[in-house]
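J.: Please find input-v3.txt (compact mmCIF, C-alpha atoms) on the next line:
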```
# COMPACT_ATOMS: atom_id res chain seq x y z
CA MET A 8 106.00 127.88 14.37
CA ASN A 9 103.78 128.66 17.36
CA ARG A 10 101.79 125.45 16.89
CA ILE A 11 104.94 123.35 16.70
CA LEU A 12 106.33 125.03 19.81
CA GLU A 13 103.12 124.56 21.74
CA ASP A 14 102.96 120.85 20.92
CA LEU A 15 106.63 120.43 21.80
CA LEU A 16 106.38 122.22 25.12
CA MET A 17 103.12 120.54 26.16
CA ALA A 18 104.83 117.16 25.74
CA MET A 19 107.54 118.13 28.20
CA PRO A 20 106.97 117.21 31.88
CA LEU A 21 109.25 120.00 33.11
CA PRO A 22 108.71 123.77 33.05
CA ALA A 23 109.92 124.99 29.65
CA LEU A 24 109.63 128.10 27.53
CA VAL A 25 110.94 129.42 24.24
CA ILE A 26 112.44 132.86 23.57
CA ASP A 27 112.35 134.05 19.97
CA GLU A 28 114.72 136.31 18.06
CA ALA A 29 112.69 139.35 19.13
CA GLU A 30 113.65 138.51 22.74
CA ARG A 31 110.07 137.71 23.66
CA ILE A 32 108.67 134.55 25.21
CA ALA A 33 107.12 132.89 22.19
CA ALA A 34 105.66 129.88 24.01
CA ALA A 35 105.52 128.30 27.45
CA ASN A 36 103.93 125.18 28.87
CA SER A 37 101.58 125.19 31.86
CA GLU A 38 104.36 124.16 34.25
CA ALA A 39 106.41 127.22 33.23
CA CYS A 40 103.40 129.49 33.66
CA THR A 41 102.81 128.08 37.13
CA LEU A 42 106.45 128.66 38.03
CA ILE A 43 107.01 132.11 36.52
CA GLY A 44 103.54 133.56 36.17
CA GLN A 45 100.46 133.47 33.99
CA GLY A 46 100.37 135.58 30.86
CA ILE A 47 104.09 135.41 30.16
CA VAL A 48 103.72 134.49 26.49
CA GLY A 49 104.42 137.50 24.28
CA ARG A 50 106.24 139.38 27.04
CA ASN A 51 109.90 140.39 26.95
CA TYR A 52 111.95 137.80 28.82
CA VAL A 53 113.77 140.49 30.84
CA THR A 54 110.56 141.68 32.49
CA MET A 55 109.44 138.14 33.38
CA LEU A 56 112.59 136.33 34.48
CA ARG A 57 114.28 139.23 36.29
CA GLN A 58 117.14 137.26 37.89
CA PRO A 59 120.52 138.76 36.83
CA ALA A 60 122.45 135.50 36.62
CA LEU A 61 119.88 133.92 34.31
CA LEU A 62 119.50 137.08 32.22
CA ASP A 63 123.27 137.27 31.71
CA THR A 64 123.30 133.65 30.56
CA ILE A 65 120.45 134.25 28.10
CA GLU A 66 122.28 137.24 26.64
CA ALA A 67 125.44 135.16 26.24
CA VAL A 68 123.53 132.43 24.37
CA LEU A 69 121.88 135.02 22.13
CA ARG A 70 125.34 136.35 21.24
CA ASP A 71 127.12 133.13 20.33
CA ASN A 72 124.39 130.42 20.12
CA ARG A 73 126.33 128.14 22.44
CA PRO A 74 124.38 126.01 24.99
CA ARG A 75 124.71 127.00 28.63
CA VAL A 76 123.39 126.18 32.10
CA SER A 77 122.19 128.68 34.68
CA GLN A 78 120.14 128.79 37.88
CA TYR A 79 116.68 130.07 38.77
CA LEU A 80 115.47 130.59 42.34
CA ALA A 81 111.80 130.50 43.30
CA ASN A 82 109.48 129.95 46.25
CA ASP A 83 106.50 127.62 46.15
CA GLY A 84 104.86 129.22 49.16
CA VAL A 85 106.32 126.65 51.54
CA GLN A 86 110.05 126.67 50.87
CA ASP A 87 112.66 128.11 48.57
CA THR A 88 113.23 126.04 45.43
CA THR A 89 116.25 125.91 43.17
CA PHE A 90 116.10 125.12 39.45
CA LYS A 91 118.88 124.28 37.05
CA VAL A 92 118.08 125.98 33.76
CA THR A 93 119.39 124.51 30.52
CA LEU A 94 119.53 126.86 27.53
CA ARG A 95 119.66 125.42 24.02
CA VAL A 96 119.38 127.16 20.64
CA MET A 97 116.97 125.83 17.98
CA PRO A 98 118.52 127.18 14.74
CA GLU A 99 115.70 126.11 12.44
CA LEU A 100 113.14 127.98 14.52
CA ARG A 101 115.50 130.90 15.23
CA ALA A 102 114.66 130.59 18.91
CA MET A 103 116.05 129.36 22.23
CA MET A 104 114.51 126.88 24.64
CA LEU A 105 114.86 127.11 28.42
CA CYS A 106 114.11 124.01 30.49
CA PHE A 107 113.81 124.27 34.31
CA ILE A 108 114.89 121.24 36.37
CA ASP A 109 114.08 121.23 40.09
CA VAL A 110 117.31 120.48 41.98
CA THR A 111 116.12 121.59 45.41
CA HIS A 112 116.64 118.10 46.84
CA LEU A 113 120.24 118.12 45.62
CA GLU A 114 120.84 121.52 47.20
CA GLN A 115 119.34 120.29 50.45
CA ALA A 116 121.48 117.14 50.38
CA GLY A 117 124.56 119.26 49.77
CA GLN A 118 123.65 121.52 52.68
CA MET A 119 123.11 118.49 54.91
CA ARG A 120 126.58 117.20 54.00
CA ARG A 121 128.13 120.59 54.72
CA ASP A 122 126.32 120.81 58.04
CA PHE A 123 127.38 117.28 58.93
CA VAL A 124 131.05 117.98 58.20
CA ALA A 125 130.86 121.22 60.18
CA ASN A 126 129.26 119.45 63.15
CA VAL A 127 131.78 116.61 63.14
CA SER A 128 134.64 119.11 62.91
CA HIS A 129 133.22 121.09 65.81
CA GLU A 130 132.70 117.99 67.96
CA LEU A 131 136.25 116.77 67.34
CA ARG A 132 137.92 120.17 67.67
CA THR A 133 137.03 120.62 71.36
CA PRO A 134 138.64 117.41 72.69
CA LEU A 135 141.57 117.75 70.28
CA THR A 136 142.23 121.31 71.47
CA ALA A 137 142.09 120.11 75.08
CA LEU A 138 144.50 117.25 74.38
CA MET A 139 146.98 119.51 72.61
CA GLY A 140 146.83 122.05 75.44
CA PHE A 141 147.44 119.44 78.13
CA ILE A 142 150.29 117.85 76.16
CA GLU A 143 151.96 121.25 75.88
CA THR A 144 151.47 121.83 79.62
CA LEU A 145 152.88 118.41 80.53
CA ARG A 146 155.95 119.11 78.44
CA GLY A 147 156.42 122.49 80.09
CA PRO A 148 155.20 123.84 83.45
CA ALA A 149 153.75 120.52 84.74
CA ARG A 150 156.71 118.37 83.72
CA ASP A 151 157.90 117.88 87.30
CA ASP A 152 154.50 118.13 89.02
CA PRO A 153 153.19 114.57 89.65
CA GLU A 154 149.85 115.76 91.02
CA ALA A 155 149.13 118.00 88.03
CA ARG A 156 150.34 115.30 85.63
CA ASP A 157 147.93 112.71 87.05
CA ARG A 158 145.05 115.18 86.92
CA PHE A 159 145.82 116.19 83.34
CA LEU A 160 146.24 112.60 82.20
CA SER A 161 142.82 111.75 83.66
CA ILE A 162 141.23 114.63 81.73
CA MET A 163 143.08 113.59 78.57
CA GLU A 164 141.75 110.06 78.97
CA ASP A 165 138.21 111.43 79.21
CA GLU A 166 138.64 113.57 76.09
CA ALA A 167 140.18 110.68 74.14
CA GLY A 168 137.25 108.50 75.23
CA ARG A 169 134.85 111.17 74.01
CA MET A 170 136.49 111.17 70.58
CA ASN A 171 136.42 107.38 70.50
CA ARG A 172 132.69 107.35 71.28
CA LEU A 173 132.05 109.93 68.57
CA VAL A 174 133.95 107.94 65.96
CA GLY A 175 132.17 104.77 67.06
CA ASP A 176 128.76 106.42 66.76
CA LEU A 177 129.65 107.85 63.35
CA LEU A 178 130.58 104.37 62.11
CA SER A 179 127.42 102.92 63.64
CA LEU A 180 125.28 105.63 62.02
CA SER A 181 126.90 104.93 58.66
CA ARG A 182 126.15 101.21 58.99
CA VAL A 183 122.52 101.60 60.00
CA GLU A 184 121.89 104.13 57.22
CA GLY A 185 123.35 101.69 54.73
CA ASP A 186 121.15 98.86 56.02
CA GLU A 187 117.98 100.91 56.39
CA ARG A 188 116.37 99.62 53.19
CA VAL A 189 117.28 95.99 53.91
CA ARG A 190 114.53 94.27 55.86
CA PRO A 191 115.66 92.10 58.81
CA ARG A 192 114.96 88.40 58.33
CA ASP A 193 115.76 86.79 61.69
CA GLN A 194 113.20 85.81 64.32
CA VAL A 195 114.16 87.40 67.64
CA ASN A 196 112.79 87.25 71.16
CA LEU A 197 112.04 90.87 72.03
CA THR A 198 111.36 90.09 75.70
CA ASP A 199 114.78 88.46 76.10
CA ILE A 200 116.49 91.41 74.37
CA ILE A 201 114.96 93.96 76.73
CA SER A 202 115.65 91.78 79.77
CA SER A 203 119.30 91.51 78.72
CA VAL A 204 119.57 95.29 78.31
CA LEU A 205 118.06 95.85 81.76
CA ARG A 206 120.57 93.45 83.34
CA THR A 207 123.46 95.17 81.56
CA LEU A 208 122.37 98.65 82.65
CA LYS A 209 121.48 97.77 86.26
CA PRO A 210 124.95 98.73 87.62
CA LEU A 211 124.63 102.15 85.92
CA ALA A 212 121.15 102.57 87.41
CA ASP A 213 122.38 101.53 90.88
CA GLU A 214 125.21 104.05 90.65
CA ALA A 215 122.70 106.78 89.79
CA GLU A 216 120.36 105.54 92.55
CA VAL A 217 117.61 104.86 90.04
CA SER A 218 115.32 101.84 90.22
CA LEU A 219 114.52 100.00 86.96
CA GLU A 220 110.98 98.65 86.93
CA ALA A 221 110.20 96.14 84.19
CA ASP A 222 106.67 95.30 83.08
CA LEU A 223 107.29 92.88 80.21
CA GLY A 224 104.16 90.79 80.51
CA GLU A 225 103.57 87.21 79.39
CA PRO A 226 104.19 85.36 77.15
CA ALA A 227 107.47 86.33 75.49
CA ILE A 228 107.07 88.30 72.24
CA GLU A 229 108.84 87.27 69.06
CA LEU A 230 109.12 89.26 65.86
CA THR A 231 111.29 89.67 62.78
CA GLY A 232 114.27 91.87 63.54
CA ASP A 233 117.98 92.38 64.03
CA ALA A 234 118.80 91.44 67.62
CA ASP A 235 121.99 93.50 67.83
CA GLN A 236 120.33 96.62 66.46
CA LEU A 237 117.27 96.29 68.69
CA MET A 238 119.57 95.87 71.68
CA GLN A 239 121.31 99.08 70.58
CA VAL A 240 117.96 100.91 70.44
CA PHE A 241 116.84 99.94 73.94
CA THR A 242 120.29 100.36 75.44
CA ASN A 243 120.33 103.93 74.14
CA LEU A 244 116.81 104.79 75.32
CA ILE A 245 117.15 103.26 78.79
CA GLU A 246 120.66 104.64 79.29
CA ASN A 247 119.42 108.11 78.33
CA ALA A 248 116.55 107.76 80.81
CA ILE A 249 119.05 106.88 83.55
CA LYS A 250 121.40 109.76 82.68
CA TYR A 251 118.86 112.52 82.11
CA GLY A 252 115.97 111.35 84.28
CA ALA A 253 117.91 110.24 87.34
CA SER A 254 116.29 112.92 89.50
CA GLY A 255 113.00 111.03 89.19
CA LYS A 256 114.58 108.03 90.92
CA ARG A 257 112.66 105.45 88.88
CA ILE A 258 112.32 104.27 85.29
CA ILE A 259 109.57 102.06 83.94
CA VAL A 260 110.12 99.81 80.91
CA ARG A 261 106.77 98.51 79.72
CA LEU A 262 106.08 96.01 76.94
CA SER A 263 102.61 95.51 75.46
CA GLN A 264 101.09 94.21 72.25
CA ALA A 265 97.88 94.75 70.33
CA ASP A 266 96.11 92.96 67.50
CA ARG A 267 95.68 96.37 65.86
CA ASP A 268 98.02 99.11 67.03
CA SER A 269 96.67 102.60 66.35
CA ALA A 270 100.05 103.88 65.08
CA LEU A 271 100.55 101.01 62.64
CA ARG A 272 96.93 100.09 61.86
CA ALA A 273 98.20 96.53 62.10
CA PRO A 274 99.36 94.06 64.79
CA GLY A 275 102.14 95.66 66.79
CA VAL A 276 104.12 95.79 70.00
CA ARG A 277 104.90 98.88 72.06
CA ILE A 278 107.95 99.34 74.25
CA GLN A 279 107.71 102.35 76.55
CA VAL A 280 110.66 103.81 78.43
CA ILE A 281 109.27 106.20 81.03
CA ASP A 282 111.27 108.40 83.38
CA PHE A 283 110.14 110.92 85.98
CA GLY A 284 112.96 113.41 85.64
CA PRO A 285 112.99 117.07 84.53
CA GLY A 286 111.40 116.34 81.13
CA ILE A 287 112.07 117.96 77.76
CA ASP A 288 110.76 121.30 76.54
CA ALA A 289 108.20 120.77 73.75
CA ILE A 290 110.23 123.02 71.42
CA HIS A 291 112.94 120.34 71.26
CA LEU A 292 110.78 117.27 70.63
CA PRO A 293 110.50 117.48 66.79
CA ARG A 294 114.30 117.73 66.41
CA LEU A 295 115.52 115.15 68.91
CA THR A 296 116.47 112.60 66.24
CA GLU A 297 118.51 115.06 64.16
CA ARG A 298 122.24 114.42 64.05
CA PHE A 299 124.11 116.32 66.77
CA TYR A 300 120.95 117.98 68.06
CA ARG A 301 120.89 118.26 71.84
CA ALA A 302 118.15 119.65 74.05
CA ASP A 303 120.83 120.52 76.62
CA SER A 304 124.23 120.68 74.92
CA HIS A 305 126.32 121.34 78.03
CA ARG A 306 124.74 118.56 80.07
CA SER A 307 124.86 116.10 77.18
CA ARG A 308 128.58 116.64 76.65
CA ALA A 309 129.25 116.44 80.38
CA LEU A 310 127.51 113.04 80.44
CA GLY A 311 129.51 111.78 77.46
CA GLY A 312 126.79 112.13 74.82
CA THR A 313 127.74 112.48 71.16
CA GLY A 314 124.41 113.80 69.86
CA LEU A 315 124.06 110.83 67.50
CA GLY A 316 122.31 108.25 69.67
CA LEU A 317 118.71 109.09 68.79
CA ALA A 318 119.61 109.53 65.11
CA ILE A 319 120.90 105.94 65.17
CA VAL A 320 117.75 104.82 67.00
CA LYS A 321 115.53 106.45 64.36
CA HIS A 322 117.29 104.70 61.45
CA ILE A 323 117.15 101.30 63.17
CA ILE A 324 113.44 101.69 63.89
CA ASN A 325 112.86 102.75 60.28
CA ARG A 326 114.64 99.61 59.11
CA HIS A 327 112.25 97.57 61.24
CA ARG A 328 109.29 99.49 59.71
CA GLY A 329 108.40 100.85 63.13
CA ARG A 330 107.74 104.22 64.69
CA LEU A 331 109.24 106.30 67.48
CA ARG A 332 107.03 108.55 69.58
CA VAL A 333 108.33 111.04 72.14
CA GLU A 334 106.12 112.66 74.76
CA SER A 335 107.27 114.94 77.55
CA THR A 336 106.18 117.73 79.83
CA LEU A 337 108.66 119.91 81.66
CA GLY A 338 108.97 118.81 85.26
CA GLN A 339 107.02 115.60 84.67
CA GLY A 340 109.52 113.33 82.94
CA ALA A 341 109.62 111.89 79.43
CA GLN A 342 108.23 108.86 77.63
CA PHE A 343 109.90 107.29 74.60
CA THR A 344 107.71 104.74 72.83
CA VAL A 345 108.97 102.32 70.18
CA VAL A 346 106.23 100.73 68.08
CA LEU A 347 107.26 97.66 66.07
CA PRO A 348 105.12 95.58 63.70
CA LEU A 349 104.32 91.98 64.53
CA PRO A 350 104.17 89.24 61.87
CA GLY A 351 101.03 89.34 59.75
CA GLY A 352 100.61 93.11 59.38
CA PRO A 353 101.39 95.43 56.45
CA SER A 354 104.43 97.68 56.52
CA PRO A 355 103.56 101.08 58.03
CA VAL A 356 104.76 104.50 57.03
CA ASN A 357 107.80 105.46 59.11
CA ASN A 358 108.05 108.69 61.05
CA ILE A 359 108.53 110.22 64.45
CA ASP A 360 105.77 111.91 66.41
```
Would you encode the structure as structure tokens?
T.:
Amino acid sequence: MNRILEDLLMAMPLPALVIDEAERIAAANSEACTLIGQGIVGRNYVTMLRQPALLDTIEAVLRDNRPRVSQYLANDGVQDTTFKVTLRVMPELRAMMLCFIDVTHLEQAGQMRRDFVANVSHELRTPLTALMGFIETLRGPARDDPEARDRFLSIMEDEAGRMNRLVGDLLSLSRVEGDERVRPRDQVNLTDIISSVLRTLKPLADEAEVSLEADLGEPAIELTGDADQLMQVFTNLIENAIKYGASGKRIIVRLSQADRDSALRAPGVRIQVIDFGPGIDAIHLPRLTERFYRADSHRSRALGGTGLGLAIVKHIINRHRGRLRVESTLGQGAQFTVVLPLPGGPSPVNNID
């Protein structure tokens, strides 16, 4: 029996072991030994597995021979891992096989969904609570107070606008995530796109007393892309620079290309958005593109931010097989660099530095 079990288990790509009628581990493949420990064969399963939920399930299977599913938790030295354990009886061999399936990615996806729902609920609850409070006040104490009514209605308009922006960004994020694996096919003029964004945002910059300095070079640069999405990327980055870097009084938007960009190891174009404002603490830089993550939550909300803009930017850049790099030093401003591939180069690996 041992030879048959060994051949069977060695053929399995997943961690697997067999418990015999003497309640000992009769056989285990190398993956199971790596997961649970070396030298487990011949040992009582209770002393090796140790996790109450799994032990209870094994005992139940030993009692009635019915197949069951349980869970096993481990740590690979880097992160916690979760395994779904299937338990099946092999009547002819008078033994039970346990097979361990790594479902850590499913657990992480589930946690991300839960976190996302919690964040959306939190973001919507604040303006909704404000609206409900002001409506109650307008129906009661402020019913005959025109000055208070106008003030409250203005605040309600702001809160409703905040919810509308959040819903709009959620829909936009959903769309760009759905399109992320679909390569753009249109030829677009990147220089024209950035010039258009700068013209659109000039009134906002003038209001903030910030000068926009464009260094787009010659000639115009064309590449394969989605014009609307690229406009969304640069609108977000330049608008953020105006809002959060206004104290620096100037923003530089620089466009350059190289026959071999160091980030792509292929022909590429770099678009740098540089501000001279307060900068961003280095502790925040790796998480800036996470959904709802804000380096300064209070200031972001006060300026109408939803916490989704850079997440949308990241997905759009990924769709274009590009990279986003963020560099900043406190008190010395911030630099956001978008690197996009030019025709003729291989597709790079996507990430954020």
J.: Which is closer to Asp193 in chain A than all the others in A:Pro350, A:Arg146, A:Arg121, A:Ala221, using all atoms listed in the file?
T.: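 Under the stated criterion, the closest residue is A:Pro350.
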J.: Find, counting all atoms listed in the file, the residue in A:Ala18, A:Arg75, A:Met119, A:Leu197 that gets nearest to Met238 in chain A.
T.: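 Residue with the minimum atom-to-atom distance to Met238 in chain A: A:Leu197.
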J.: Would you kindly identify which residues have an atom no farther than 6 Å from (120.9, 113.9, 65.8), using all atoms listed in the file and the file's own coordinates, and write them out as a PyMOL selection string?
T.: chain A and resi 296-300+314-315+318
J.: Can you tell me which residues surround Lys321 in chain A at a distance of at most 9 Å, considering all atoms listed in the file, apart from same-chain residues fewer than 2 positions away, and format the answer as a list in words?
T.: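 Everything that qualifies: Val240, Thr296, Gly316, Leu317, Ala318, Ile319, Ile323, Ile324, Asn325, Arg326, Arg330, Leu331, Asn358 and Ile359 of chain A.
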J.: Just write the chosen residues, C-alpha atoms, as a PDB file, in the coordinates of the input.
T.:
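Full text of part.pdb as output:
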```
ATOM      1  CA  VAL A 240     117.960 100.910  70.440  1.00  0.00           C
ATOM      2  CA  THR A 296     116.470 112.600  66.240  1.00  0.00           C
ATOM      3  CA  GLY A 316     122.310 108.250  69.670  1.00  0.00           C
ATOM      4  CA  LEU A 317     118.710 109.090  68.790  1.00  0.00           C
ATOM      5  CA  ALA A 318     119.610 109.530  65.110  1.00  0.00           C
ATOM      6  CA  ILE A 319     120.900 105.940  65.170  1.00  0.00           C
ATOM      7  CA  ILE A 323     117.150 101.300  63.170  1.00  0.00           C
ATOM      8  CA  ILE A 324     113.440 101.690  63.890  1.00  0.00           C
ATOM      9  CA  ASN A 325     112.860 102.750  60.280  1.00  0.00           C
ATOM     10  CA  ARG A 326     114.640  99.610  59.110  1.00  0.00           C
ATOM     11  CA  ARG A 330     107.740 104.220  64.690  1.00  0.00           C
ATOM     12  CA  LEU A 331     109.240 106.300  67.480  1.00  0.00           C
ATOM     13  CA  ASN A 358     108.050 108.690  61.050  1.00  0.00           C
ATOM     14  CA  ILE A 359     108.530 110.220  64.450  1.00  0.00           C
TER      15      ILE A 359
END
```
J.: Skip Leu208 in chain A itself and residues of its chain fewer than 3 positions away, then list as a list in words all residues within 12 Å of it, counting all atoms listed in the file.
T.: Ile201, Ser202, Ser203, Val204, Leu205, Leu211, Ala212, Asp213, Glu214, Ala215, Val217, Ser218, Leu219, Met238, Phe241, Thr242, Asn243, Leu244, Ile245, Glu246, Asn247, Ala248, Ile249, Lys250 and Ile258 of chain A
J.: Place N, CA, C and O atoms on range 288-305 of chain A and deliver the coordinates as a PDB file, in the frame of the given file.
T.:
```
ATOM      1  N   ASP A 288     111.603 120.213  77.048  1.00  0.00           N
ATOM      2  CA  ASP A 288     110.760 121.300  76.540  1.00  0.00           C
ATOM      3  C   ASP A 288     110.177 120.880  75.185  1.00  0.00           C
ATOM      4  O   ASP A 288     110.870 120.314  74.332  1.00  0.00           O
ATOM      5  N   ALA A 289     108.893 121.179  74.976  1.00  0.00           N
ATOM      6  CA  ALA A 289     108.200 120.770  73.750  1.00  0.00           C
ATOM      7  C   ALA A 289     108.871 121.308  72.493  1.00  0.00           C
ATOM      8  O   ALA A 289     108.780 120.700  71.419  1.00  0.00           O
ATOM      9  N   ILE A 290     109.584 122.429  72.600  1.00  0.00           N
ATOM     10  CA  ILE A 290     110.230 123.020  71.420  1.00  0.00           C
ATOM     11  C   ILE A 290     111.309 122.109  70.853  1.00  0.00           C
ATOM     12  O   ILE A 290     111.636 122.180  69.661  1.00  0.00           O
ATOM     13  N   HIS A 291     111.853 121.225  71.702  1.00  0.00           N
ATOM     14  CA  HIS A 291     112.940 120.340  71.260  1.00  0.00           C
ATOM     15  C   HIS A 291     112.448 119.025  70.672  1.00  0.00           C
ATOM     16  O   HIS A 291     113.201 118.358  69.948  1.00  0.00           O
ATOM     17  N   LEU A 292     111.242 118.622  70.972  1.00  0.00           N
ATOM     18  CA  LEU A 292     110.780 117.270  70.630  1.00  0.00           C
ATOM     19  C   LEU A 292     110.862 116.953  69.133  1.00  0.00           C
ATOM     20  O   LEU A 292     111.324 115.857  68.768  1.00  0.00           O
ATOM     21  N   PRO A 293     110.457 117.862  68.217  1.00  0.00           N
ATOM     22  CA  PRO A 293     110.500 117.480  66.790  1.00  0.00           C
ATOM     23  C   PRO A 293     111.914 117.274  66.255  1.00  0.00           C
ATOM     24  O   PRO A 293     112.075 116.641  65.209  1.00  0.00           O
ATOM     25  N   ARG A 294     112.941 117.783  66.949  1.00  0.00           N
ATOM     26  CA  ARG A 294     114.300 117.730  66.410  1.00  0.00           C
ATOM     27  C   ARG A 294     115.212 116.753  67.141  1.00  0.00           C
ATOM     28  O   ARG A 294     116.400 116.678  66.828  1.00  0.00           O
ATOM     29  N   LEU A 295     114.673 115.997  68.071  1.00  0.00           N
ATOM     30  CA  LEU A 295     115.520 115.150  68.910  1.00  0.00           C
ATOM     31  C   LEU A 295     116.313 114.116  68.124  1.00  0.00           C
ATOM     32  O   LEU A 295     117.401 113.715  68.545  1.00  0.00           O
ATOM     33  N   THR A 296     115.771 113.650  66.990  1.00  0.00           N
ATOM     34  CA  THR A 296     116.470 112.600  66.240  1.00  0.00           C
ATOM     35  C   THR A 296     117.404 113.163  65.163  1.00  0.00           C
ATOM     36  O   THR A 296     117.964 112.400  64.391  1.00  0.00           O
ATOM     37  N   GLU A 297     117.559 114.484  65.105  1.00  0.00           N
ATOM     38  CA  GLU A 297     118.510 115.060  64.160  1.00  0.00           C
ATOM     39  C   GLU A 297     119.934 114.795  64.637  1.00  0.00           C
ATOM     40  O   GLU A 297     120.210 114.781  65.839  1.00  0.00           O
ATOM     41  N   ARG A 298     120.836 114.631  63.695  1.00  0.00           N
ATOM     42  CA  ARG A 298     122.240 114.420  64.050  1.00  0.00           C
ATOM     43  C   ARG A 298     122.787 115.614  64.817  1.00  0.00           C
ATOM     44  O   ARG A 298     122.624 116.755  64.389  1.00  0.00           O
ATOM     45  N   PHE A 299     123.426 115.325  65.933  1.00  0.00           N
ATOM     46  CA  PHE A 299     124.110 116.320  66.770  1.00  0.00           C
ATOM     47  C   PHE A 299     123.172 117.294  67.456  1.00  0.00           C
ATOM     48  O   PHE A 299     123.632 118.240  68.079  1.00  0.00           O
ATOM     49  N   TYR A 300     121.858 117.072  67.354  1.00  0.00           N
ATOM     50  CA  TYR A 300     120.950 117.980  68.060  1.00  0.00           C
ATOM     51  C   TYR A 300     120.851 117.555  69.512  1.00  0.00           C
ATOM     52  O   TYR A 300     120.651 116.378  69.825  1.00  0.00           O
ATOM     53  N   ARG A 301     120.986 118.528  70.410  1.00  0.00           N
ATOM     54  CA  ARG A 301     120.890 118.260  71.840  1.00  0.00           C
ATOM     55  C   ARG A 301     119.938 119.254  72.477  1.00  0.00           C
ATOM     56  O   ARG A 301     120.031 120.448  72.218  1.00  0.00           O
ATOM     57  N   ALA A 302     119.045 118.746  73.323  1.00  0.00           N
ATOM     58  CA  ALA A 302     118.150 119.650  74.050  1.00  0.00           C
ATOM     59  C   ALA A 302     118.933 120.448  75.084  1.00  0.00           C
ATOM     60  O   ALA A 302     118.607 121.597  75.367  1.00  0.00           O
ATOM     61  N   ASP A 303     119.966 119.848  75.647  1.00  0.00           N
ATOM     62  CA  ASP A 303     120.830 120.520  76.620  1.00  0.00           C
ATOM     63  C   ASP A 303     122.269 120.163  76.272  1.00  0.00           C
ATOM     64  O   ASP A 303     122.795 119.143  76.718  1.00  0.00           O
ATOM     65  N   SER A 304     122.906 121.001  75.456  1.00  0.00           N
ATOM     66  CA  SER A 304     124.230 120.680  74.920  1.00  0.00           C
ATOM     67  C   SER A 304     125.264 120.494  76.017  1.00  0.00           C
ATOM     68  O   SER A 304     126.045 119.532  76.004  1.00  0.00           O
ATOM     69  N   HIS A 305     125.296 121.412  76.989  1.00  0.00           N
ATOM     70  CA  HIS A 305     126.320 121.340  78.030  1.00  0.00           C
ATOM     71  C   HIS A 305     126.183 120.066  78.852  1.00  0.00           C
ATOM     72  O   HIS A 305     127.162 119.356  79.097  1.00  0.00           O
TER      73      HIS A 305
END
```
